[in-house]
file target-v6.csv (CSV, C-alpha atoms and all ligand atoms)
chain,number,residue,atom,x,y,z
X,4,MET,CA,14.2,5.8,1.5
X,5,ASN,CA,11.0,3.9,2.1
X,6,ILE,CA,10.9,0.3,1.1
X,7,ILE,CA,8.7,-2.8,1.4
X,8,LEU,CA,10.4,-6.2,2.1
X,9,PHE,CA,8.1,-8.8,0.8
X,10,GLY,CA,8.2,-12.6,1.1
X,11,PRO,CA,6.7,-15.7,2.7
X,12,PRO,CA,7.1,-16.4,6.5
X,13,GLY,CA,10.7,-17.5,7.1
X,14,ALA,CA,12.1,-15.9,4.0
X,15,GLY,CA,14.5,-13.8,6.1
X,16,LYS,CA,12.7,-10.4,5.9
X,17,GLY,CA,13.4,-9.6,9.6
X,18,THR,CA,17.1,-10.6,9.2
X,19,GLN,CA,17.6,-8.5,6.1
X,20,ALA,CA,15.6,-5.5,7.6
X,21,GLN,CA,18.0,-5.5,10.6
X,22,VAL,CA,21.0,-5.2,8.3
X,23,LEU,CA,19.4,-2.3,6.5
X,24,VAL,CA,18.6,-0.6,9.8
X,25,ASP,CA,22.2,-0.8,10.7
X,26,ASP,CA,23.7,0.2,7.4
X,27,TYR,CA,21.2,2.8,6.2
X,28,GLY,CA,19.7,4.1,9.4
X,29,LEU,CA,16.2,3.1,8.4
X,30,VAL,CA,13.6,2.1,10.9
X,31,GLN,CA,12.1,-1.4,10.7
X,32,LEU,CA,8.4,-1.5,10.9
X,33,SER,CA,7.3,-5.1,11.5
X,34,THR,CA,3.5,-5.5,12.0
X,35,GLY,CA,4.2,-9.0,13.3
X,36,ASP,CA,6.6,-7.6,16.0
X,37,MET,CA,4.2,-4.8,16.9
X,38,LEU,CA,1.3,-7.3,17.2
X,39,ARG,CA,3.3,-9.8,19.2
X,40,GLU,CA,4.3,-7.0,21.6
X,41,ALA,CA,0.6,-6.0,22.1
X,42,ARG,CA,-0.3,-9.7,22.5
X,43,ASP,CA,2.5,-10.4,25.0
X,44,SER,CA,1.7,-7.3,27.1
X,45,GLY,CA,-2.0,-8.2,27.2
X,46,THR,CA,-3.3,-4.9,25.9
X,47,GLU,CA,-6.9,-4.7,24.6
X,48,LEU,CA,-5.6,-4.9,21.1
X,49,GLY,CA,-3.3,-7.8,22.0
X,50,ASN,CA,-6.1,-9.8,23.5
X,51,LYS,CA,-8.2,-9.2,20.4
X,52,VAL,CA,-5.6,-10.5,18.0
X,53,LYS,CA,-4.1,-13.3,20.1
X,54,ASP,CA,-6.1,-16.2,18.8
X,55,ILE,CA,-5.9,-15.1,15.2
X,56,MET,CA,-2.1,-14.7,15.4
X,57,ASP,CA,-1.5,-18.0,17.2
X,58,SER,CA,-3.6,-19.9,14.6
X,59,GLY,CA,-1.6,-18.3,11.7
X,60,GLN,CA,-4.5,-16.3,10.2
X,61,LEU,CA,-4.3,-12.6,9.4
X,62,VAL,CA,-5.7,-10.0,11.7
X,63,SER,CA,-8.0,-7.4,10.1
X,64,ASP,CA,-6.8,-5.0,7.5
X,65,GLU,CA,-8.3,-2.1,9.6
X,66,ILE,CA,-6.1,-3.0,12.6
X,67,VAL,CA,-2.8,-3.2,10.8
X,68,VAL,CA,-3.5,-0.2,8.6
X,69,GLY,CA,-4.2,1.8,11.7
X,70,ILE,CA,-1.0,0.7,13.4
X,71,ILE,CA,1.2,1.5,10.4
X,72,SER,CA,-0.5,4.8,9.7
X,73,GLU,CA,0.3,6.0,13.3
X,74,ARG,CA,3.7,4.5,13.3
X,75,ILE,CA,5.1,6.2,10.1
X,76,GLU,CA,4.2,9.6,11.5
X,77,GLN,CA,6.7,9.2,14.3
X,78,PRO,CA,9.8,11.4,14.0
X,79,ASP,CA,12.2,8.4,13.9
X,80,CYS,CA,10.7,7.4,10.5
X,81,ALA,CA,11.7,10.6,8.8
X,82,ASN,CA,14.9,9.2,7.5
X,83,GLY,CA,13.0,6.2,5.9
X,84,PHE,CA,11.4,3.0,6.9
X,85,ILE,CA,11.3,-0.7,6.0
X,86,LEU,CA,7.9,-2.3,6.0
X,87,ASP,CA,8.3,-5.9,7.0
X,88,GLY,CA,5.2,-8.0,6.9
X,89,PHE,CA,3.0,-5.2,5.6
X,90,PRO,CA,1.1,-5.0,3.3
X,91,ARG,CA,-0.2,-8.5,3.3
X,92,THR,CA,-3.4,-8.1,1.4
X,93,ARG,CA,-4.5,-6.1,-1.6
X,94,PRO,CA,-6.7,-3.7,0.5
X,95,GLN,CA,-3.7,-3.1,2.8
X,96,ALA,CA,-1.6,-2.2,-0.3
X,97,GLU,CA,-4.2,0.2,-1.5
X,98,ALA,CA,-4.6,1.7,2.0
X,99,LEU,CA,-0.8,2.2,2.1
X,100,ASP,CA,-0.8,4.0,-1.2
X,101,HIS,CA,-3.5,6.4,0.1
X,102,MET,CA,-1.8,7.0,3.5
X,103,LEU,CA,1.6,7.7,1.8
X,104,GLU,CA,0.0,10.1,-0.6
X,105,ASP,CA,-1.8,11.9,2.3
X,106,LYS,CA,1.4,12.2,4.2
X,107,GLY,CA,3.4,13.3,1.2
X,108,LEU,CA,5.6,10.2,1.2
X,109,ARG,CA,6.5,7.7,-1.4
X,110,LEU,CA,7.9,4.2,-1.8
X,111,ASP,CA,11.3,3.7,-3.3
X,112,ALA,CA,11.3,0.0,-3.8
X,113,VAL,CA,9.4,-3.2,-3.2
X,114,ILE,CA,11.7,-6.2,-2.8
X,115,MET,CA,10.5,-9.8,-2.8
X,116,ILE,CA,12.7,-12.4,-1.1
X,117,GLU,CA,11.8,-15.6,-2.9
X,118,VAL,CA,12.1,-18.9,-1.1
X,119,PRO,CA,10.3,-22.2,-2.0
X,120,ASP,CA,7.9,-23.7,0.6
X,121,ASP,CA,10.0,-26.8,1.4
X,122,GLU,CA,12.9,-24.6,2.5
X,123,LEU,CA,10.6,-22.5,4.6
X,124,PHE,CA,9.5,-25.6,6.6
X,125,ARG,CA,13.1,-26.5,7.2
X,126,ARG,CA,13.9,-22.9,8.4
X,127,ILE,CA,10.8,-22.6,10.7
X,128,ASP,CA,11.7,-25.9,12.3
X,129,THR,CA,15.2,-24.6,12.9
X,130,ARG,CA,13.9,-21.3,14.3
X,131,ALA,CA,11.5,-23.2,16.6
X,132,LYS,CA,14.3,-25.3,18.0
X,133,GLU,CA,16.7,-22.3,18.4
X,134,THR,CA,14.1,-20.2,20.2
X,135,ASP,CA,12.8,-23.1,22.2
X,136,GLY,CA,9.3,-22.7,20.6
X,137,ALA,CA,9.0,-19.0,21.6
X,138,ARG,CA,6.6,-18.3,18.8
X,139,PRO,CA,3.4,-20.3,19.1
X,140,ASP,CA,3.0,-20.0,15.3
X,141,ASP,CA,6.4,-21.7,14.5
X,142,THR,CA,4.9,-25.2,14.1
X,143,PRO,CA,4.6,-27.2,10.9
X,144,GLU,CA,0.8,-27.2,11.2
X,145,VAL,CA,0.6,-23.4,11.7
X,146,LEU,CA,3.2,-22.8,9.1
X,147,ARG,CA,1.1,-24.8,6.6
X,148,ARG,CA,-1.8,-22.4,7.4
X,149,ARG,CA,0.5,-19.3,7.2
X,150,LEU,CA,1.8,-20.4,3.8
X,151,ASP,CA,-1.8,-21.1,2.5
X,152,VAL,CA,-2.7,-17.6,3.7
X,153,TYR,CA,0.4,-16.2,2.1
X,154,HIS,CA,-0.3,-17.8,-1.3
X,155,GLN,CA,-4.0,-16.9,-1.2
X,156,GLN,CA,-4.0,-13.4,0.2
X,157,THR,CA,-0.5,-12.0,0.2
X,158,ALA,CA,1.0,-13.2,-3.1
X,159,PRO,CA,-1.7,-11.4,-5.0
X,160,VAL,CA,-0.2,-8.2,-3.7
X,161,LEU,CA,2.8,-8.8,-6.0
X,162,PRO,CA,1.1,-8.0,-9.3
X,163,TYR,CA,-0.1,-4.8,-7.8
X,164,TYR,CA,3.5,-3.5,-7.4
X,165,ASP,CA,4.7,-5.3,-10.5
X,166,GLN,CA,2.2,-3.3,-12.6
X,167,LYS,CA,3.6,-0.1,-11.2
X,168,GLY,CA,7.1,-1.3,-12.2
X,169,MET,CA,8.3,-1.3,-8.6
X,170,LEU,CA,8.7,-5.0,-7.9
X,171,LYS,CA,12.3,-6.4,-7.7
X,172,THR,CA,13.0,-10.1,-6.7
X,173,VAL,CA,16.0,-11.5,-4.9
X,174,ASP,CA,16.9,-15.2,-4.5
X,175,GLY,CA,16.3,-16.0,-0.8
X,176,LEU,CA,18.0,-19.4,-1.1
X,177,GLU,CA,21.4,-17.7,-1.2
X,178,SER,CA,23.4,-16.9,2.0
X,179,VAL,CA,22.3,-14.0,4.2
X,180,GLY,CA,25.2,-11.9,3.0
X,181,SER,CA,24.5,-12.6,-0.7
X,182,VAL,CA,20.8,-11.7,-0.2
X,183,THR,CA,21.9,-8.5,1.5
X,184,ALA,CA,24.2,-7.7,-1.5
X,185,GLN,CA,21.3,-8.3,-3.9
X,186,ILE,CA,19.1,-6.0,-1.9
X,187,LYS,CA,21.7,-3.2,-1.6
X,188,GLU,CA,22.3,-3.3,-5.4
X,189,ILE,CA,18.5,-2.7,-5.9
X,190,LEU,CA,18.4,0.1,-3.4
X,191,GLU,CA,21.5,1.8,-4.9
X,192,GLY,CA,19.7,1.6,-8.3
X,193,ALA,CA,16.5,3.0,-6.7
X,194,SER,CA,18.2,5.9,-5.0
X,195,GLY,CA,20.6,6.8,-7.8
V,201,LIG,P1,4.9,-12.2,11.1
V,201,LIG,O1,5.8,-12.1,12.2
V,201,LIG,O2,5.1,-11.1,10.1
V,201,LIG,O3,4.9,-13.5,10.4
V,201,LIG,O4,3.4,-12.0,11.7
V,201,LIG,C1,2.9,-12.8,12.6
V,201,LIG,C2,1.4,-12.8,12.6
V,201,LIG,O5,0.9,-11.4,12.9
V,201,LIG,C3,0.7,-13.1,11.3
V,201,LIG,O6,0.6,-14.5,11.1
V,201,LIG,C4,-0.6,-12.4,11.4
V,201,LIG,O7,-1.5,-13.1,12.3
V,201,LIG,C5,-0.2,-11.1,12.1
V,201,LIG,N1,0.1,-10.1,11.1
V,201,LIG,C6,1.4,-9.5,10.9
V,201,LIG,N2,1.4,-8.6,9.9
V,201,LIG,C7,0.1,-8.6,9.4
V,201,LIG,C8,-0.6,-7.9,8.4
V,201,LIG,N3,0.1,-7.0,7.6
V,201,LIG,N4,-1.9,-8.2,8.2
V,201,LIG,C9,-2.6,-9.1,8.9
V,201,LIG,N5,-2.0,-9.8,9.9
V,201,LIG,C10,-0.7,-9.6,10.2
call {"tool": "encode", "arguments": {"input": "target-v6.csv", "output": "structure tokens", "more": "lines below"}}
Ligand code: AMP
result
Amino acid sequence: MNIILFGPPGAGKGTQAQVLVDDYGLVQLSTGDMLREARDSGTELGNKVKDIMDSGQLVSDEIVVGIISERIEQPDCANGFILDGFPRTRPQAEALDHMLEDKGLRLDAVIMIEVPDDELFRRIDTRAKETDGARPDDTPEVLRRRLDVYHQQTAPVLPYYDQKGMLKTVDGLESVGSVTAQIKEILEGASG
């Protein structure tokens, strides 16, 4: 089963992906985590994307498409993967379609975790306190920029999947467990 978890920063994509990893044996592919790892270990790619990431902008489509294309070919993805934070632009969504077709793979579901902006500010503030500001982009100023980027560049990806009849929405204001239950119901419908 190959799925996309979609939603604004702080919607809980990472948390939900982790549950699906544990319960369904899927692999979580978070472009944000992969880029942070590159940035923190100071690789050439990491140095290239550092300033863009820290300011809350998107890194180039070419970079993230390349990362995902390589990653989904790894043997651990054979049982299925969860895309978390990708695609984030329309060209990324189109590139994903092409790469899946080339590799003989398909998407089973696209799930949008919906959370209003004011709740996201509250959550990011809590995450910044809990992690002692570990993420330089967990500040109200950078979140404002990340949300602007989300509304301008990422939200327009939704109609792309909606037109294909693949988009399902869950209420991200509910508890973690209830969001998980909503997602599992969708996945059970998709696989059955
Ligand atoms: P995230 O942890 O998903 O919020 O990602 C953190 C940062 O990594 C984003 O603010 C972007 O700078 C970068 N990033 C992650 N995924 C993508 C993507 N699919 N396209 C472009 N930039 C991305």
call {"tool": "residues_near_point", "arguments": {"input": "target-v6.csv", "point": "(4.6, 7.5, 12.0)", "cutoff": "12 Å", "atoms": "only C-alpha atoms", "output": "list of chain:residue names"}}
result
X:Val30, X:Gln31, X:Leu32, X:Val68, X:Gly69, X:Ile70, X:Ile71, X:Ser72, X:Glu73, X:Arg74, X:Ile75, X:Glu76, X:Gln77, X:Pro78, X:Asp79, X:Cys80, X:Ala81, X:Asn82, X:Gly83, X:Phe84, X:Leu86, X:Met102, X:Leu103, X:Lys106, X:Leu108
call {"tool": "residues_around", "arguments": {"input": "target-v6.csv", "residues": "Gly10 (chain X)", "least_positions_apart": "4", "cutoff": "6 Å", "atoms": "all atoms listed in the file", "output": "ChimeraX atom specification"}}
result
/X:14,115-116
call {"tool": "residues_near_ligand", "arguments": {"input": "target-v6.csv", "ligand": "ligand LIG 201 (chain V)", "cutoff": "6 Å", "atoms": "all atoms listed in the file", "output": "compact mmCIF listing (two decimals) with C-alpha atoms, in the coordinates of the input"}}
result
# COMPACT_ATOMS: atom_id res chain seq x y z
CA PRO X 12 7.10 -16.40 6.50
CA THR X 34 3.50 -5.50 12.00
CA GLY X 35 4.20 -9.00 13.30
CA ASP X 36 6.60 -7.60 16.00
CA LEU X 38 1.30 -7.30 17.20
CA ILE X 55 -5.90 -15.10 15.20
CA MET X 56 -2.10 -14.70 15.40
CA GLY X 59 -1.60 -18.30 11.70
CA GLN X 60 -4.50 -16.30 10.20
CA LEU X 61 -4.30 -12.60 9.40
CA VAL X 62 -5.70 -10.00 11.70
CA SER X 63 -8.00 -7.40 10.10
CA ASP X 64 -6.80 -5.00 7.50
CA VAL X 67 -2.80 -3.20 10.80
CA GLY X 88 5.20 -8.00 6.90
CA PHE X 89 3.00 -5.20 5.60
CA PRO X 90 1.10 -5.00 3.30
CA ARG X 91 -0.20 -8.50 3.30
call {"tool": "closest_residue", "arguments": {"input": "target-v6.csv", "among": "X:Leu190, X:Ile66, X:Arg42, X:Leu8", "to": "Asp54 (chain X)", "atoms": "all atoms listed in the file"}}
result
X:Arg42
call {"tool": "closest_residue", "arguments": {"input": "target-v6.csv", "among": "X:Val179, X:Leu146, X:Ile114, X:Val160", "to": "Gln95 (chain X)", "atoms": "all atoms listed in the file"}}
result
X:Val160
call {"tool": "closest_residue", "arguments": {"input": "target-v6.csv", "among": "X:Gly180, X:Pro11, X:Arg126, X:Tyr27", "to": "Tyr153 (chain X)", "atoms": "only C-alpha atoms"}}
result
X:Pro11
call {"tool": "atom_distance", "arguments": {"input": "target-v6.csv", "atom1": "CA of Val52 (chain X)", "atom2": "CA of Leu150 (chain X)"}}
result
18.8 Å
call {"tool": "atom_distance", "arguments": {"input": "target-v6.csv", "atom1": "CA of Phe9 (chain X)", "atom2": "CA of Val182 (chain X)"}}
result
13.1 Å
call {"tool": "atom_distance", "arguments": {"input": "target-v6.csv", "atom1": "CA of Gly175 (chain X)", "atom2": "CA of Ala96 (chain X)"}}
result
22.6 Å
call {"tool": "closest_residue", "arguments": {"input": "target-v6.csv", "among": "X:Tyr163, X:Asp120, X:Ser58, X:Thr129", "to": "Glu97 (chain X)", "atoms": "all atoms listed in the file"}}
result
X:Tyr163
call {"tool": "closest_residue", "arguments": {"input": "target-v6.csv", "among": "X:Leu176, X:Ile7, X:Ile186, X:Leu48", "to": "Ala112 (chain X)", "atoms": "only C-alpha atoms"}}
result
X:Ile7
call {"tool": "closest_residue", "arguments": {"input": "target-v6.csv", "among": "X:Leu170, X:Leu123, X:His101, X:Asp26", "to": "Lys187 (chain X)", "atoms": "all atoms listed in the file"}}
result
X:Asp26
call {"tool": "build_atoms", "arguments": {"input": "target-v6.csv", "residues": "region 97-125 of chain X", "atoms": "N, CA and C atoms", "output": "CSV table (one decimal), in the frame of the given file"}}
result
chain,number,residue,atom,x,y,z
X,97,GLU,N,-3.5,-1.0,-1.0
X,97,GLU,CA,-4.2,0.2,-1.5
X,97,GLU,C,-4.3,1.3,-0.4
X,98,ALA,N,-4.5,0.8,0.8
X,98,ALA,CA,-4.6,1.7,2.0
X,98,ALA,C,-3.2,2.4,2.2
X,99,LEU,N,-2.2,1.6,2.0
X,99,LEU,CA,-0.8,2.2,2.1
X,99,LEU,C,-0.6,3.3,1.1
X,100,ASP,N,-1.0,3.0,-0.1
X,100,ASP,CA,-0.8,4.0,-1.2
X,100,ASP,C,-1.5,5.3,-0.8
X,101,HIS,N,-2.7,5.2,-0.3
X,101,HIS,CA,-3.5,6.4,0.1
X,101,HIS,C,-2.8,7.1,1.3
X,102,MET,N,-2.4,6.3,2.3
X,102,MET,CA,-1.8,7.0,3.5
X,102,MET,C,-0.5,7.7,3.1
X,103,LEU,N,0.3,7.1,2.2
X,103,LEU,CA,1.6,7.7,1.8
X,103,LEU,C,1.3,9.0,1.1
X,104,GLU,N,0.3,8.9,0.2
X,104,GLU,CA,0.0,10.1,-0.6
X,104,GLU,C,-0.5,11.3,0.4
X,105,ASP,N,-1.4,10.9,1.3
X,105,ASP,CA,-1.8,11.9,2.3
X,105,ASP,C,-0.7,12.5,3.1
X,106,LYS,N,0.3,11.7,3.4
X,106,LYS,CA,1.4,12.2,4.2
X,106,LYS,C,2.5,12.8,3.4
X,107,GLY,N,2.4,12.8,2.1
X,107,GLY,CA,3.4,13.3,1.2
X,107,GLY,C,4.7,12.5,1.1
X,108,LEU,N,4.5,11.1,1.3
X,108,LEU,CA,5.6,10.2,1.2
X,108,LEU,C,5.5,9.3,0.0
X,109,ARG,N,6.6,8.6,-0.3
X,109,ARG,CA,6.5,7.7,-1.4
X,109,ARG,C,7.4,6.5,-1.2
X,110,LEU,N,7.1,5.4,-1.9
X,110,LEU,CA,7.9,4.2,-1.8
X,110,LEU,C,9.0,4.2,-2.8
X,111,ASP,N,10.2,3.7,-2.4
X,111,ASP,CA,11.3,3.7,-3.3
X,111,ASP,C,11.5,2.3,-4.0
X,112,ALA,N,11.1,1.3,-3.2
X,112,ALA,CA,11.3,0.0,-3.8
X,112,ALA,C,10.5,-1.1,-3.1
X,113,VAL,N,10.1,-2.1,-3.8
X,113,VAL,CA,9.4,-3.2,-3.2
X,113,VAL,C,10.2,-4.5,-3.6
X,114,ILE,N,10.8,-5.1,-2.5
X,114,ILE,CA,11.7,-6.2,-2.8
X,114,ILE,C,11.1,-7.5,-2.3
X,115,MET,N,11.0,-8.5,-3.2
X,115,MET,CA,10.5,-9.8,-2.8
X,115,MET,C,11.6,-10.7,-2.6
X,116,ILE,N,11.7,-11.3,-1.4
X,116,ILE,CA,12.7,-12.4,-1.1
X,116,ILE,C,12.0,-13.7,-1.4
X,117,GLU,N,12.5,-14.4,-2.5
X,117,GLU,CA,11.8,-15.6,-2.9
X,117,GLU,C,12.4,-16.8,-2.3
X,118,VAL,N,11.6,-17.6,-1.7
X,118,VAL,CA,12.1,-18.9,-1.1
X,118,VAL,C,11.0,-20.0,-1.2
X,119,PRO,N,11.3,-21.2,-1.8
X,119,PRO,CA,10.3,-22.2,-2.0
X,119,PRO,C,9.8,-22.8,-0.6
X,120,ASP,N,8.6,-23.3,-0.6
X,120,ASP,CA,7.9,-23.7,0.6
X,120,ASP,C,8.7,-24.8,1.4
X,121,ASP,N,9.3,-25.7,0.7
X,121,ASP,CA,10.0,-26.8,1.4
X,121,ASP,C,11.1,-26.3,2.2
X,122,GLU,N,11.8,-25.3,1.7
X,122,GLU,CA,12.9,-24.6,2.5
X,122,GLU,C,12.4,-23.9,3.7
X,123,LEU,N,11.2,-23.3,3.5
X,123,LEU,CA,10.6,-22.5,4.6
X,123,LEU,C,10.2,-23.5,5.8
X,124,PHE,N,9.8,-24.7,5.5
X,124,PHE,CA,9.5,-25.6,6.6
X,124,PHE,C,10.7,-26.0,7.3
X,125,ARG,N,11.8,-26.1,6.6
X,125,ARG,CA,13.1,-26.5,7.2
X,125,ARG,C,13.5,-25.3,8.1
